[in-house]
Structures are given as C-alpha cells and as structure tokens.
file structure.txt (compact mmCIF, C-alpha atoms)
# COMPACT_ATOMS: atom_id res chain seq x y z
CA MET A 599 27.29 9.49 3.94
CA THR A 600 25.51 12.85 4.00
CA LEU A 601 25.68 15.37 6.81
CA ASN A 602 21.98 14.86 7.51
CA SER A 603 22.40 11.10 7.98
CA TRP A 604 25.34 11.77 10.31
CA THR A 605 23.42 14.15 12.59
CA SER A 606 19.85 12.85 12.33
CA TRP A 607 18.18 10.43 14.72
CA PRO A 608 17.15 6.95 13.62
CA LEU A 609 13.54 6.67 12.46
CA ARG A 610 10.98 6.65 15.24
CA GLU A 611 9.71 3.31 13.94
CA SER A 612 13.19 1.81 14.35
CA LEU A 613 13.39 3.03 17.96
CA SER A 614 10.11 1.30 18.85
CA ARG A 615 8.98 -2.29 18.82
CA GLU A 616 6.89 -1.83 15.67
CA GLY A 617 7.43 -4.59 13.17
CA ILE A 618 9.07 -6.97 15.62
CA GLY A 619 7.36 -10.33 15.57
CA ASP A 620 6.05 -11.85 18.78
CA ALA A 621 8.45 -14.78 18.58
CA ARG A 622 11.48 -12.52 18.11
CA MET A 623 10.33 -10.24 20.92
CA TRP A 624 9.89 -13.07 23.40
CA ILE A 625 13.19 -14.67 22.42
CA GLY A 626 14.97 -11.34 23.01
CA ARG A 627 13.29 -10.92 26.38
CA ALA A 628 14.21 -14.46 27.40
CA VAL A 629 17.86 -13.96 26.40
CA ARG A 630 18.08 -10.67 28.33
CA ALA A 631 16.45 -12.24 31.37
CA VAL A 632 18.88 -15.17 31.34
CA VAL A 633 21.90 -12.86 30.93
CA VAL A 634 20.81 -10.51 33.71
CA ALA A 635 19.95 -13.38 36.05
CA GLY A 636 23.32 -15.00 35.37
CA LEU A 637 25.21 -11.78 36.04
CA VAL A 638 23.30 -11.13 39.25
CA TRP A 639 23.98 -14.67 40.41
CA ILE A 640 27.68 -14.53 39.61
CA THR A 641 28.09 -11.16 41.26
CA LEU A 642 26.07 -11.58 44.42
CA THR A 643 27.31 -15.07 45.25
CA GLY A 644 30.92 -13.86 45.39
CA PRO A 645 32.70 -13.62 48.75
CA ARG A 646 32.99 -9.80 48.62
CA PHE A 647 29.27 -9.11 48.73
CA THR A 648 27.96 -9.73 52.21
CA GLY A 649 25.98 -7.57 54.61
CA TRP A 650 25.82 -3.92 53.57
CA ASN A 651 27.97 -4.60 50.53
CA LEU A 652 25.30 -6.99 49.28
CA VAL A 653 22.60 -4.35 49.84
CA ALA A 654 24.69 -1.75 48.01
CA ALA A 655 25.29 -4.13 45.12
CA CYS A 656 21.57 -4.89 44.78
CA ALA A 657 20.75 -1.17 44.88
CA GLY A 658 23.40 -0.45 42.24
CA MET A 659 22.07 -3.15 39.94
CA ALA A 660 18.51 -1.88 40.36
CA ALA A 661 19.64 1.70 39.62
CA THR A 662 21.54 0.49 36.56
CA PHE A 663 18.47 -1.35 35.31
CA LEU A 664 16.32 1.78 35.76
CA ALA A 665 18.95 3.94 34.03
CA PHE A 666 19.01 1.54 31.09
CA ARG A 667 15.21 1.71 30.77
CA GLY A 668 15.37 5.47 31.00
CA PHE A 669 18.00 5.56 28.25
CA PHE A 670 15.68 3.56 25.98
CA ARG A 671 12.79 5.89 26.74
CA MET A 672 14.78 9.10 26.21
CA THR A 673 16.16 7.88 22.89
CA ALA A 674 12.67 6.82 21.80
CA ASP A 675 11.52 10.40 22.55
CA ARG A 676 14.62 11.76 20.73
CA ARG A 677 15.81 13.76 23.72
CA LEU A 678 19.54 14.09 23.17
CA TRP A 679 20.95 15.58 26.37
CA PRO A 680 18.95 13.38 28.77
CA SER A 681 20.07 10.39 26.68
CA ILE A 682 23.72 11.44 26.95
CA GLY A 683 23.31 12.01 30.68
CA LEU A 684 21.87 8.53 31.23
CA PHE A 685 24.61 7.04 29.08
CA ALA A 686 27.17 8.72 31.36
CA VAL A 687 25.38 7.24 34.38
CA LEU A 688 25.60 3.76 32.84
CA GLU A 689 29.31 4.24 32.15
CA ALA A 690 29.85 5.34 35.73
CA ALA A 691 27.93 2.28 36.94
CA ALA A 692 30.19 0.04 34.84
CA PHE A 693 33.29 1.64 36.37
CA GLY A 694 31.73 1.17 39.80
CA PHE A 695 31.22 -2.52 39.18
CA GLU A 696 34.82 -2.78 37.98
CA PHE A 697 36.23 -1.05 41.05
CA THR A 698 34.22 -3.29 43.41
CA GLY A 699 35.50 -6.41 41.71
CA ALA A 700 32.35 -7.26 39.75
CA ARG A 701 34.15 -7.47 36.44
CA ALA A 702 31.56 -9.55 34.56
CA PRO A 703 28.69 -7.01 34.98
CA ALA A 704 31.07 -4.18 34.11
CA ILE A 705 32.22 -5.78 30.85
CA VAL A 706 28.68 -6.73 29.84
CA LEU A 707 27.44 -3.21 30.63
CA TRP A 708 30.22 -1.58 28.59
CA CYS A 709 29.53 -3.82 25.61
CA ALA A 710 25.75 -3.35 25.89
CA CYS A 711 26.16 0.44 26.13
CA ALA A 712 28.41 0.48 23.06
CA ILE A 713 25.95 -1.52 20.93
CA THR A 714 22.85 0.29 22.21
CA ALA A 715 24.38 3.74 21.69
CA MET A 716 25.31 2.83 18.12
CA GLU A 717 21.76 1.60 17.51
CA ARG A 718 19.72 4.39 19.08
CA LEU A 719 21.68 7.68 18.96
CA PRO A 720 22.58 9.96 16.04
CA LEU A 721 25.87 8.77 14.52
CA SER A 722 27.61 12.02 15.46
CA VAL A 723 26.93 11.14 19.12
CA ALA A 724 26.79 7.34 18.88
CA VAL A 725 30.34 6.95 17.57
CA PRO A 726 32.02 8.90 20.44
CA CYS A 727 29.80 7.21 23.06
CA SER A 728 30.47 3.77 21.64
CA THR A 729 34.19 4.57 21.44
CA VAL A 730 34.24 5.56 25.13
CA ALA A 731 32.46 2.36 26.17
CA LEU A 732 34.64 0.09 24.03
CA GLY A 733 37.76 1.99 25.12
CA ALA A 734 36.88 1.34 28.76
CA TYR A 735 36.36 -2.32 27.99
CA ALA A 736 39.71 -2.52 26.17
CA ALA A 737 41.47 -0.77 29.07
CA VAL A 738 40.43 -3.39 31.63
CA SER A 739 40.66 -6.40 29.30
CA HIS A 740 43.34 -8.94 30.22
CA ASP A 741 43.46 -10.50 26.74
CA ASN A 742 46.32 -9.79 24.32
CA TRP A 743 45.98 -6.64 22.29
CA ILE A 744 45.07 -8.46 19.07
CA ALA A 745 42.12 -10.25 20.71
CA THR A 746 41.05 -7.07 22.46
CA ALA A 747 41.23 -5.04 19.23
CA ALA A 748 39.30 -7.71 17.34
CA THR A 749 36.63 -7.84 20.06
CA THR A 750 36.17 -4.08 20.22
CA ALA A 751 36.06 -3.78 16.44
CA GLY A 752 33.56 -6.63 16.29
CA LEU A 753 31.36 -5.04 18.93
CA GLY A 754 31.43 -1.70 17.11
CA LEU A 755 30.54 -3.41 13.84
CA ALA A 756 27.80 -5.40 15.60
CA GLY A 757 26.31 -2.17 16.92
CA TYR A 758 26.29 -0.65 13.42
CA VAL A 759 24.71 -3.80 11.96
CA VAL A 760 22.01 -3.68 14.64
CA ARG A 761 21.44 -0.04 13.71
CA LEU A 762 21.08 -0.93 10.02
CA ASP A 763 18.67 -3.74 10.90
CA ALA A 764 16.57 -1.37 13.00
CA GLU A 765 16.62 1.25 10.22
CA ALA A 766 15.49 -1.35 7.69
CA ARG A 767 12.66 -2.40 9.99
CA GLY A 768 11.72 1.24 10.55
CA ASN A 769 11.70 1.94 6.81
CA ALA A 770 9.54 -1.14 6.25
CA GLN A 771 7.09 0.03 8.90
CA ARG A 772 6.99 3.53 7.44
CA LEU A 773 6.34 2.19 3.95
CA LEU A 774 3.66 -0.10 5.34
CA ALA A 775 2.01 2.85 7.09
CA GLN A 776 2.16 4.89 3.88
CA GLU A 777 0.66 2.01 1.92
CA ARG A 778 -2.14 1.67 4.45
CA ALA A 779 -2.78 5.42 4.29
CA ALA A 780 -2.79 5.26 0.49
CA ARG A 781 -5.24 2.37 0.54
CA LYS A 782 -7.45 4.21 3.01
CA ALA A 783 -7.36 7.34 0.84
CA GLU A 784 -8.12 5.23 -2.23
CA ALA A 785 -11.05 3.60 -0.46
CA GLU A 786 -12.35 7.01 0.65
CA SER A 787 -11.93 8.34 -2.88
CA ALA A 788 -13.78 5.33 -4.29
CA ALA A 789 -16.55 5.86 -1.74
CA LEU A 790 -16.82 9.54 -2.69
CA THR A 791 -16.88 8.61 -6.37
CA GLU A 792 -19.61 6.07 -5.72
CA ARG A 793 -21.59 8.63 -3.75
CA GLY A 794 -21.19 11.06 -6.62
CA ARG A 795 -22.47 8.46 -9.07
CA ILE A 796 -25.47 7.70 -6.88
CA ALA A 797 -26.20 11.40 -6.38
CA ARG A 798 -25.95 12.04 -10.12
CA GLU A 799 -28.25 9.14 -10.94
CA ILE A 800 -30.87 10.17 -8.40
CA HIS A 801 -30.62 13.80 -9.56
CA ASP A 802 -31.17 12.81 -13.18
CA VAL A 803 -34.09 10.54 -12.30
CA LEU A 804 -35.80 13.16 -10.17
CA ALA A 805 -35.11 15.93 -12.69
CA HIS A 806 -36.70 13.84 -15.44
CA SER A 807 -39.67 12.85 -13.28
CA LEU A 808 -40.30 16.32 -11.89
CA SER A 809 -39.97 17.89 -15.32
CA ALA A 810 -42.60 15.53 -16.70
CA GLN A 811 -44.86 16.21 -13.72
CA LEU A 812 -44.43 19.94 -14.23
CA VAL A 813 -45.78 19.64 -17.78
CA HIS A 814 -48.98 17.99 -16.56
CA LEU A 815 -49.38 20.29 -13.58
CA GLU A 816 -48.96 23.35 -15.79
CA ALA A 817 -51.58 21.99 -18.18
CA ALA A 818 -53.93 21.36 -15.24
CA ARG A 819 -53.31 24.89 -13.95
CA LEU A 820 -54.09 26.45 -17.29
CA LEU A 821 -57.19 24.29 -17.63
CA ILE A 822 -58.47 25.40 -14.23
CA GLN A 823 -57.59 29.04 -14.90
CA ARG A 824 -59.27 29.21 -18.30
CA SER A 825 -62.20 26.90 -17.69
CA THR A 826 -65.65 28.33 -17.13
CA ASP A 827 -67.15 24.99 -16.22
CA LEU A 828 -64.87 22.83 -14.09
CA GLU A 829 -67.40 20.03 -13.98
CA ALA A 830 -67.26 19.74 -17.75
CA ASP A 831 -63.47 19.68 -17.68
CA ARG A 832 -63.39 17.21 -14.80
CA ASP A 833 -62.20 14.32 -16.96
CA GLN A 834 -59.32 16.32 -18.40
CA LEU A 835 -58.22 17.45 -14.94
CA LEU A 836 -58.41 13.89 -13.67
CA ASP A 837 -56.27 12.73 -16.58
CA ARG A 838 -53.62 15.30 -15.71
CA VAL A 839 -53.62 14.35 -12.03
CA VAL A 840 -53.40 10.66 -12.90
CA ALA A 841 -50.54 11.44 -15.27
CA CYS A 842 -48.71 13.33 -12.50
CA ARG A 843 -49.28 10.41 -10.18
CA GLY A 844 -47.83 8.12 -12.82
CA MET A 845 -44.82 10.38 -13.25
CA ALA A 846 -44.20 10.34 -9.49
CA ARG A 847 -44.36 6.56 -9.45
CA GLU A 848 -42.06 6.51 -12.46
CA GLY A 849 -39.59 8.70 -10.58
CA LEU A 850 -39.55 6.35 -7.61
CA ASP A 851 -39.15 3.36 -9.88
CA GLY A 852 -36.38 5.16 -11.74
CA THR A 853 -34.55 5.88 -8.48
CA ARG A 854 -34.74 2.22 -7.50
CA GLU A 855 -33.60 1.28 -10.98
CA ALA A 856 -30.61 3.63 -10.76
CA LEU A 857 -29.52 2.14 -7.45
CA SER A 858 -29.98 -1.37 -8.81
CA ALA A 859 -27.98 -0.46 -11.89
CA LEU A 860 -25.12 0.83 -9.77
CA ARG A 861 -25.13 -2.55 -8.04
CA GLY A 862 -24.99 -4.29 -11.41
CA GLU A 863 -28.64 -5.34 -11.37
CA MET A 864 -30.59 -3.98 -14.32
CA VAL A 865 -32.39 -5.14 -17.41
CA PRO A 866 -30.57 -4.85 -20.77
CA VAL A 867 -30.62 -1.42 -22.39
CA GLU A 868 -32.37 -2.71 -25.48
CA ASP A 869 -35.25 -4.16 -23.43
CA PHE A 870 -35.55 -0.91 -21.49
CA LEU A 871 -35.73 1.15 -24.69
CA ARG A 872 -38.37 -1.18 -26.15
CA SER A 873 -40.54 -0.70 -23.08
CA LEU A 874 -39.97 3.07 -23.07
CA THR A 875 -40.68 3.59 -26.77
CA ALA A 876 -43.73 1.34 -26.63
CA ALA A 877 -45.15 3.39 -23.76
CA GLU A 878 -44.46 6.62 -25.67
CA GLY A 879 -45.70 5.32 -29.03
CA VAL A 880 -42.27 5.83 -30.58
CA ARG A 881 -40.54 3.75 -33.25
CA LEU A 882 -37.29 2.04 -32.17
CA GLU A 883 -34.57 0.84 -34.53
CA VAL A 884 -31.66 -1.30 -33.31
CA ARG A 885 -28.49 -1.69 -35.36
CA GLY A 886 -25.54 -3.95 -34.71
CA GLU A 887 -25.18 -7.02 -32.56
CA GLY A 888 -26.65 -6.49 -29.12
CA ARG A 889 -24.48 -7.03 -26.06
CA ALA A 890 -24.37 -6.21 -22.38
CA LEU A 891 -23.14 -2.68 -21.66
CA PRO A 892 -21.18 -1.40 -18.65
CA ALA A 893 -23.37 0.03 -15.91
CA GLU A 894 -22.39 3.67 -16.52
CA ALA A 895 -22.81 3.43 -20.30
CA GLY A 896 -26.16 1.71 -19.94
CA LEU A 897 -27.40 4.34 -17.51
CA ALA A 898 -26.26 7.11 -19.83
CA VAL A 899 -28.26 5.64 -22.72
CA ARG A 900 -31.34 5.26 -20.50
CA ARG A 901 -31.19 8.79 -19.11
CA VAL A 902 -30.57 10.44 -22.47
CA ALA A 903 -33.50 8.55 -24.01
CA GLN A 904 -35.79 9.56 -21.16
CA GLU A 905 -34.65 13.18 -21.21
CA ALA A 906 -34.98 13.45 -25.00
CA LEU A 907 -38.52 12.03 -25.01
CA THR A 908 -39.49 14.32 -22.13
CA ASN A 909 -38.24 17.30 -24.15
CA VAL A 910 -40.32 16.15 -27.10
CA ARG A 911 -43.44 16.08 -24.93
CA LYS A 912 -42.63 19.54 -23.55
CA HIS A 913 -41.50 21.36 -26.67
CA ALA A 914 -42.84 19.40 -29.65
CA PRO A 915 -46.16 17.81 -28.68
CA GLY A 916 -47.56 15.59 -31.35
CA ALA A 917 -44.23 15.17 -33.13
CA ARG A 918 -43.27 11.85 -34.67
CA VAL A 919 -40.19 10.47 -32.93
CA ASP A 920 -37.65 7.90 -34.07
CA VAL A 921 -35.17 6.32 -31.68
CA ARG A 922 -32.14 4.45 -32.96
CA LEU A 923 -29.78 2.34 -30.86
CA GLU A 924 -26.52 1.39 -32.56
CA TYR A 925 -23.98 -1.13 -31.24
CA ALA A 926 -20.55 -0.31 -32.68
CA ARG A 927 -17.31 -2.16 -32.06
CA ASP A 928 -15.96 0.09 -29.30
CA ASP A 929 -18.95 2.22 -28.34
CA VAL A 930 -22.70 2.47 -28.40
CA GLY A 931 -24.75 5.22 -29.99
CA LEU A 932 -28.23 6.57 -29.39
CA GLU A 933 -30.13 8.96 -31.63
CA VAL A 934 -33.50 10.48 -30.79
CA ARG A 935 -35.05 12.54 -33.62
CA ASP A 936 -38.46 14.23 -33.74
CA PHE A 937 -40.29 15.44 -36.84
CA GLY A 938 -42.80 18.26 -37.13
CA GLY A 939 -44.10 18.92 -33.68
CA ARG A 940 -46.53 21.68 -32.76
CA GLY A 941 -44.01 23.60 -30.71
CA LYS A 942 -43.17 27.19 -31.50
CA PRO A 943 -40.15 27.87 -33.76
CA GLY A 944 -37.02 28.34 -31.70
CA GLU A 945 -38.20 26.27 -28.72
CA LEU A 946 -36.33 23.20 -29.96
CA ALA A 947 -33.06 25.01 -30.29
CA SER A 948 -33.28 26.68 -26.91
CA SER A 949 -34.17 23.42 -25.19
CA GLY A 950 -30.79 22.04 -26.08
CA SER A 951 -29.15 24.35 -23.58
CA GLY A 952 -31.42 23.37 -20.69
CA TYR A 953 -30.28 21.65 -17.54
CA GLY A 954 -31.51 18.23 -18.67
CA LEU A 955 -29.40 17.81 -21.80
CA LEU A 956 -26.57 19.78 -20.22
CA GLY A 957 -26.44 17.19 -17.44
CA MET A 958 -26.57 14.41 -20.01
CA ARG A 959 -23.69 16.02 -21.90
CA GLU A 960 -21.62 16.19 -18.71
CA ARG A 961 -22.40 12.54 -18.03
CA ALA A 962 -21.26 11.55 -21.51
CA GLU A 963 -18.03 13.54 -21.21
CA LEU A 964 -17.25 11.92 -17.86
CA LEU A 965 -17.46 8.56 -19.63
CA GLY A 966 -15.23 9.75 -22.46
CA GLY A 967 -18.14 10.09 -24.89
CA THR A 968 -20.02 12.88 -26.62
CA LEU A 969 -23.55 14.23 -26.75
CA ASP A 970 -24.73 16.57 -29.50
CA SER A 971 -28.16 18.15 -29.67
CA GLY A 972 -29.79 20.77 -31.82
CA PRO A 973 -32.33 21.50 -34.55
CA ASP A 974 -32.03 20.20 -38.08
CA GLU A 975 -34.15 20.54 -41.22
CA GLU A 976 -37.09 18.54 -39.85
CA GLY A 977 -37.05 19.02 -36.11
CA PHE A 978 -34.67 18.32 -33.27
CA VAL A 979 -32.08 15.58 -32.85
CA VAL A 980 -30.10 14.26 -29.87
CA ARG A 981 -27.05 12.06 -30.54
CA LEU A 982 -25.12 10.21 -27.86
CA ARG A 983 -21.99 8.08 -28.20
CA VAL A 984 -20.23 6.51 -25.20
CA PRO A 985 -17.50 3.88 -24.96
CA ALA A 986 -18.83 0.41 -24.28

call {"tool": "encode", "arguments": {"input": "structure.txt", "output": "structure tokens"}}
result
Amino acid sequence: MTLNSWTSWPLRESLSREGIGDARMWIGRAVRAVVVAGLVWITLTGPRFTGWNLVAACAGMAATFLAFRGFFRMTADRRLWPSIGLFAVLEAAAFGFEFTGARAPAIVLWCACAITAMERLPLSVAVPCSTVALGAYAAVSHDNWIATAATTAGLGLAGYVVRLDAEARGNAQRLLAQERAARKAEAESAALTERGRIAREIHDVLAHSLSAQLVHLEAARLLIQRSTDLEADRDQLLDRVVACRGMAREGLDGTREALSALRGEMVPVEDFLRSLTAAEGVRLEVRGEGRALPAEAGLAVRRVAQEALTNVRKHAPGARVDVRLEYARDDVGLEVRDFGGRGKPGELASSGSGYGLLGMRERAELLGGTLDSGPDEEGFVVRLRVPA
C-alpha cells in the first residue's frame, strides 16, 4: 500500500450515492429505518426512561441522528477536522447511552461508527477512529474474549470490505463519466469534421462557379469597353449574361449536390462525368469495371473534373480535351488533358499553382491520394488518384 493511498480520501464518487441502484438504495433505507425504530422502541419503553429522562433520551437520539448526518456530509465534502469532531461527538453519545443503561443503542452506534469511519475517512484516520470505536465496544462487551475479539475483527474487516466496495463503485462511476466525456468529445469532433467537409464542398462549388462566372463577366466587360456600337454587340453581351446566369444556377445546383452527396445521395460518378463532358463537348473514356465510390472519393473526382475543365476554358480556349476515368483495384484515377489551346505560353503552367487545383490537391491528400498537374508536350494535364 502506497503512502498516497494511506493518506488520501476515498473517491468523491464513492462517498456519494452515484451508481447505487434504486432497489439497493431503498433496501438500505428500509433496513436503517427498521434498526433505528427498533432501537428507539427498546430504549424508550424501558423502565428508566420516564418524565424528563424520556425527554432527555429523545433529545439525545435526535442529536445523535443529526450528528451522524453531519458526519456523512462533512466526509462527502472531504473536511477532515469537522469529520473527526463529529466522530468524537458520536463516540461521546455512545458512552452516554451506555452510562444511562441504554446498552443496545450504544453498541449499535459504536459498531456503526467503526464501519462508517473505515468506509469514509482516509485510512490514516479511519484505522485509529475505528480502533477507538471497536475498543469501546470490546470494553463493555460481556461475551468471552474470543467472541469479543472475533466480533471486533469481523466488524473491522466488514468496514474495510465496505470501503473496497465503495471504491469499486466510485471507480466504475469515474470510468463511466470518462467514457461519456470521451463519447461526447468524439461526437463533437465528428460534428466538426462533418462541418469541415460541408464547408470544403461548398467552398469548392462556389469557387468553381464564381470562377466560371468571372470568365464571362470579364469577357462582357471587355466587349463593352472596346465596342463602338453596343447595339451591334447586343447578342454577344446577352450570351455572356445568360452564361453567367447559367453558371450561378450551376453553382446552386452544385451546392445542393454536395450536400446530397455528403448524405449519401448522389448519382454515380461515371454518369456525372458523362453529363459534364457532353455539356462541354469533351471526349470521355472509361477504363475498368465501374462501381460505386465512397462519397469523399466521388466528390473529389467530380470537383477535380469541374476545376480542370474550368481551367481549360480560362487558359486554353478552343483546346481539345480528353477525360479518362479509370477504375483500379484499390483506387480510382481521373486524367484531364487538353491539346493545343489558344492560351498564351506559360499560362498553363502557372495555372497549376492557383487556388483551384491547390484546393483539389489538398482534398486528395486528405483522402490519402495524389493530384499532379502541369504542362506536357501537347498542353496541360491533371491527374488524380484517390483510394476507393
């Protein structure tokens, strides 16, 4: 036994009623009520307690009851000296009962004090207090010394067993509280992770949509700035405005799609890419046996395809684009390659360091995948691989 265990208080949980079942609690209360009622009846119906003696006996029993409750409260608050003081009051009350001839209450009080002190005080204090109570009981006992020694030893052992039971219950309650706190923290962490996923999806959708709108708005601005006859260029301006309106609607639809995907409700990736490439006039090639992808992997493929095609429109207008989706055994790959656009030399390379593909690269790395982008001999290529 370590010094700390000898001088430390029992756990707060073991000094409270936490973890005690309702049935056990009510049974304990019933037993205590029966014992107290029996002792009061035996004591007060004796011939010695009449008149003022009866009043004094009732007052003494009430004071003893209040002192016992106070002892429980002080030990629950871990206040050592008040607890010792109340224990001394209870011992004095037991001696008072003994001197007035009420032996049964005195013996029960000594035994109860010994067990309760062993249960609720630090061992360095509980052992002397319990020894004093059991010594007083042994001093007034009329049994032979063997029976008295066996009874006192049994009561001391019973008090220690009660202490161990309370400590076990307290440890169980503390572990239960820690488990609940861990589950709460895990739930909060999962909620924060989910919020992060939703925020990332909405950010990527809006970034893609706003980037596409910016292309059309910039073209409309240049057209208005350079045009000498706005009426003649009215159709071109209207086309740009309609395109921006379409991009805005696409952004809203993409946001709804991202939220649906996070709930597990989305069309297969292959069908999405077919619709996207058909709208962009791009050739799509699918390799491997198609299968359903996890939500995060599917969203990564969607966003990279959208971002790559948006970059082609911005930096390589008129370029021929090939999109390839490849189902491998443990992952899925996407390649978007453009050929011979009308962009200026160097624009393709610099676009690979923009926020769009940088965000896509971070998304792939979070999933344990990779994203590579850069110019090659014929144009610009974006390659994505994520576990699936």

call {"tool": "residues_around", "arguments": {"input": "structure.txt", "residues": "stretch 915-925 of chain A", "least_positions_apart": "6", "cutoff": "6 Å", "atoms": "only C-alpha atoms", "output": "PyMOL selection string"}}
result
chain A and resi 880-886+931-940

call {"tool": "residues_near_point", "arguments": {"input": "structure.txt", "point": "(31.9, 10.0, 17.9)", "cutoff": "12 Å", "atoms": "all atoms listed in the file", "output": "PyMOL selection string"}}
result
chain A and resi 604-605+712+715-716+719-732+754

call {"tool": "closest_residue", "arguments": {"input": "structure.txt", "among": "A:Gly733, A:Val930, A:Glu878, A:Ala655", "to": "A:Gly699", "atoms": "all atoms listed in the file"}}
result
A:Ala655

call {"tool": "closest_residue", "arguments": {"input": "structure.txt", "among": "A:Asp928, A:Ala914, A:Arg901, A:Phe693", "to": "A:Leu956", "atoms": "all atoms listed in the file"}}
result
A:Arg901

call {"tool": "residues_around", "arguments": {"input": "structure.txt", "residues": "A:Leu753", "least_positions_apart": "4", "cutoff": "9 Å", "atoms": "only C-alpha atoms", "output": "PDB file with C-alpha atoms, keeping the file's coordinate frame"}}
result
ATOM      1  CA  CYS A 709      29.530  -3.820  25.610  1.00  0.00           C
ATOM      2  CA  ALA A 712      28.410   0.480  23.060  1.00  0.00           C
ATOM      3  CA  ILE A 713      25.950  -1.520  20.930  1.00  0.00           C
ATOM      4  CA  LEU A 732      34.640   0.090  24.030  1.00  0.00           C
ATOM      5  CA  ALA A 748      39.300  -7.710  17.340  1.00  0.00           C
ATOM      6  CA  THR A 749      36.630  -7.840  20.060  1.00  0.00           C
ATOM      7  CA  GLY A 757      26.310  -2.170  16.920  1.00  0.00           C
ATOM      8  CA  TYR A 758      26.290  -0.650  13.420  1.00  0.00           C
TER       9      TYR A 758
END

call {"tool": "closest_residue", "arguments": {"input": "structure.txt", "among": "A:Ala770, A:Leu808, A:Val839, A:Gly966", "to": "A:Leu821", "atoms": "all atoms listed in the file"}}
result
A:Val839

call {"tool": "atom_distance", "arguments": {"input": "structure.txt", "atom1": "atom CA of A:Gly879", "atom2": "atom CA of A:Leu891"}}
result
25.0 Å

call {"tool": "closest_residue", "arguments": {"input": "structure.txt", "among": "A:Ala779, A:Arg843, A:Val979, A:Arg772", "to": "A:Leu609", "atoms": "only C-alpha atoms"}}
result
A:Arg772

call {"tool": "atom_distance", "arguments": {"input": "structure.txt", "atom1": "atom CA of A:Ala783", "atom2": "atom CA of A:His801"}}
result
26.3 Å

call {"tool": "closest_residue", "arguments": {"input": "structure.txt", "among": "A:Ala734, A:Ala674, A:Ala775, A:Leu982", "to": "A:Asp929", "atoms": "only C-alpha atoms"}}
result
A:Leu982

call {"tool": "build_atoms", "arguments": {"input": "structure.txt", "residues": "stretch 917-924 of chain A", "atoms": "all heavy atoms", "output": "PDB file, keeping the file's coordinate frame"}}
result
ATOM      1  N   ALA A 917     -45.266  15.459 -32.133  1.00  0.00           N
ATOM      2  CA  ALA A 917     -44.230  15.170 -33.130  1.00  0.00           C
ATOM      3  C   ALA A 917     -44.031  13.664 -33.255  1.00  0.00           C
ATOM      4  O   ALA A 917     -44.187  12.892 -32.303  1.00  0.00           O
ATOM      5  CB  ALA A 917     -42.917  15.830 -32.723  1.00  0.00           C
ATOM      6  N   ARG A 918     -43.662  13.239 -34.447  1.00  0.00           N
ATOM      7  CA  ARG A 918     -43.270  11.850 -34.670  1.00  0.00           C
ATOM      8  C   ARG A 918     -41.814  11.698 -34.240  1.00  0.00           C
ATOM      9  O   ARG A 918     -40.966  12.531 -34.570  1.00  0.00           O
ATOM     10  CB  ARG A 918     -43.425  11.479 -36.145  1.00  0.00           C
ATOM     11  CG  ARG A 918     -43.026  10.046 -36.453  1.00  0.00           C
ATOM     12  CD  ARG A 918     -43.413   9.694 -37.894  1.00  0.00           C
ATOM     13  NE  ARG A 918     -42.716  10.543 -38.861  1.00  0.00           N
ATOM     14  CZ  ARG A 918     -41.499  10.279 -39.335  1.00  0.00           C
ATOM     15  NH1 ARG A 918     -40.844   9.205 -38.937  1.00  0.00           N
ATOM     16  NH2 ARG A 918     -40.950  11.084 -40.218  1.00  0.00           N
ATOM     17  N   VAL A 919     -41.524  10.646 -33.514  1.00  0.00           N
ATOM     18  CA  VAL A 919     -40.190  10.470 -32.930  1.00  0.00           C
ATOM     19  C   VAL A 919     -39.630   9.120 -33.356  1.00  0.00           C
ATOM     20  O   VAL A 919     -40.336   8.103 -33.325  1.00  0.00           O
ATOM     21  CB  VAL A 919     -40.229  10.551 -31.386  1.00  0.00           C
ATOM     22  CG1 VAL A 919     -38.820  10.436 -30.818  1.00  0.00           C
ATOM     23  CG2 VAL A 919     -40.892  11.842 -30.928  1.00  0.00           C
ATOM     24  N   ASP A 920     -38.388   9.128 -33.770  1.00  0.00           N
ATOM     25  CA  ASP A 920     -37.650   7.900 -34.070  1.00  0.00           C
ATOM     26  C   ASP A 920     -36.468   7.787 -33.109  1.00  0.00           C
ATOM     27  O   ASP A 920     -35.730   8.757 -32.882  1.00  0.00           O
ATOM     28  CB  ASP A 920     -37.118   7.904 -35.514  1.00  0.00           C
ATOM     29  CG  ASP A 920     -38.243   7.707 -36.528  1.00  0.00           C
ATOM     30  OD1 ASP A 920     -39.335   7.286 -36.122  1.00  0.00           O
ATOM     31  OD2 ASP A 920     -38.011   8.012 -37.715  1.00  0.00           O
ATOM     32  N   VAL A 921     -36.292   6.599 -32.570  1.00  0.00           N
ATOM     33  CA  VAL A 921     -35.170   6.320 -31.680  1.00  0.00           C
ATOM     34  C   VAL A 921     -34.328   5.218 -32.302  1.00  0.00           C
ATOM     35  O   VAL A 921     -34.862   4.183 -32.725  1.00  0.00           O
ATOM     36  CB  VAL A 921     -35.658   5.876 -30.275  1.00  0.00           C
ATOM     37  CG1 VAL A 921     -34.466   5.542 -29.374  1.00  0.00           C
ATOM     38  CG2 VAL A 921     -36.513   6.963 -29.638  1.00  0.00           C
ATOM     39  N   ARG A 922     -33.035   5.446 -32.376  1.00  0.00           N
ATOM     40  CA  ARG A 922     -32.140   4.450 -32.960  1.00  0.00           C
ATOM     41  C   ARG A 922     -31.015   4.122 -31.978  1.00  0.00           C
ATOM     42  O   ARG A 922     -30.336   5.023 -31.486  1.00  0.00           O
ATOM     43  CB  ARG A 922     -31.542   4.959 -34.278  1.00  0.00           C
ATOM     44  CG  ARG A 922     -30.681   3.907 -34.990  1.00  0.00           C
ATOM     45  CD  ARG A 922     -30.210   4.420 -36.324  1.00  0.00           C
ATOM     46  NE  ARG A 922     -29.228   5.492 -36.152  1.00  0.00           N
ATOM     47  CZ  ARG A 922     -28.857   6.320 -37.128  1.00  0.00           C
ATOM     48  NH1 ARG A 922     -29.403   6.217 -38.329  1.00  0.00           N
ATOM     49  NH2 ARG A 922     -27.957   7.259 -36.889  1.00  0.00           N
ATOM     50  N   LEU A 923     -30.856   2.844 -31.715  1.00  0.00           N
ATOM     51  CA  LEU A 923     -29.780   2.340 -30.860  1.00  0.00           C
ATOM     52  C   LEU A 923     -28.795   1.587 -31.751  1.00  0.00           C
ATOM     53  O   LEU A 923     -29.191   0.673 -32.484  1.00  0.00           O
ATOM     54  CB  LEU A 923     -30.319   1.405 -29.784  1.00  0.00           C
ATOM     55  CG  LEU A 923     -29.292   0.746 -28.861  1.00  0.00           C
ATOM     56  CD1 LEU A 923     -28.584   1.788 -28.006  1.00  0.00           C
ATOM     57  CD2 LEU A 923     -29.956  -0.305 -27.976  1.00  0.00           C
ATOM     58  N   GLU A 924     -27.527   1.983 -31.679  1.00  0.00           N
ATOM     59  CA  GLU A 924     -26.520   1.390 -32.560  1.00  0.00           C
ATOM     60  C   GLU A 924     -25.363   0.835 -31.734  1.00  0.00           C
ATOM     61  O   GLU A 924     -24.714   1.566 -30.974  1.00  0.00           O
ATOM     62  CB  GLU A 924     -25.992   2.438 -33.542  1.00  0.00           C
ATOM     63  CG  GLU A 924     -24.948   1.890 -34.506  1.00  0.00           C
ATOM     64  CD  GLU A 924     -24.435   2.941 -35.468  1.00  0.00           C
ATOM     65  OE1 GLU A 924     -24.927   4.101 -35.386  1.00  0.00           O
ATOM     66  OE2 GLU A 924     -23.559   2.621 -36.284  1.00  0.00           O
TER      67      GLU A 924
END
